[in-house]
Amino acid sequence: LHLDRFKSNNYNREKNPTIVAFPVTNLDLHEYVFPDGESPVLPTESEIRSMSVKEIKKTLRKFRAEDVSKDILEKAELVETAVRYLTKDLPELLSNKYDLVANITHVNPSEVGREEKVDPLQEGSYKCHVHHRA
C-alpha cells in the first residue's frame with residue numbers, strides 16, 4: 001500500500017492535507033502475532049476431560065492461566081473450568097484476526113517545509129490509531 005502524502009513542484013515539497021481513513025475487516029495478522037509460524041496447539045474438550053488434575057493444572061500453567069483454577073477444590077469443577085477456558089476463552093484471546101479502523105497522519109512542526117528550511121519527509125512523526133479485534 002502506497003499513499004502519496006507529499007507533492008513536489010519546482011519550488012518546494014509539501015504535504016497532501018487529505019485525511020486517509022481505511023476500514024479493514026477480518027485482517028489476518030498471524031505472521032506478525034506468531035512470527036515463527038508456530039501458534040499454540042490447544043487441547044480438545046475430550047482431551048481435557050481425559051486428563052488428570054495434575055495434567056490439567058500443568059496445561060493451564062503452560063498457557064499462563066493457573067489463576068483460573070486457583071480456588072477450585074473439586075475435579076469436576078476444575079474440568080469444566082478448564083474446558084471453558086481452553087476451548088472457548090483462550091482461542092478468542094489467541095485470535096489473529098482483527099477488524100481495523102486506522103487513521104494515519106503525519107505531524108510536523110509548522111516551520112518545517114516552509115522556505116526550504118527542512119524536508120517534511122525527514123522531520124515530524126507518523127501516528128496510526130488502530131481499533132478492536134474481529
# chains A, B, ... in the order shown; residues from 1 in each chain; ligands from 1
>>> residues_around(residues="A:Ile48", least_positions_apart="6", cutoff="10 Å", atoms="only C-alpha atoms", output="list of chain:residue names")
A:Leu42, A:Glu55, A:Ile56, A:Thr59, A:Val79, A:Glu80, A:Ala82, A:Val83, A:Leu86, A:Thr87
>>> atom_distance(atom1="atom CA of A:Lys88", atom2="atom CA of A:Asp67")
16.6 Å
>>> closest_residue(among="A:Val107, A:Ala76, A:Tyr11, A:Glu92", to="A:Gly124", atoms="only C-alpha atoms")
A:Val107
>>> closest_residue(among="A:Asn12, A:Ser125, A:Thr81, A:Ser39", to="A:Lys57", atoms="only C-alpha atoms")
A:Thr81
>>> closest_residue(among="A:Tyr85, A:Lys70, A:Asn108, A:Ser95", to="A:Thr44", atoms="only C-alpha atoms")
A:Tyr85
>>> atom_distance(atom1="atom CA of A:Pro91", atom2="atom CA of A:Ser50")
20.0 Å
>>> atom_distance(atom1="atom CA of A:Tyr98", atom2="atom CA of A:Leu29")
7.5 Å
>>> closest_residue(among="A:Leu78, A:Val41, A:Glu14, A:Asp71", to="A:Lys54", atoms="only C-alpha atoms")
A:Leu78
>>> closest_residue(among="A:Val68, A:Asn10, A:Leu27, A:Pro40", to="A:Leu94", atoms="only C-alpha atoms")
A:Pro40
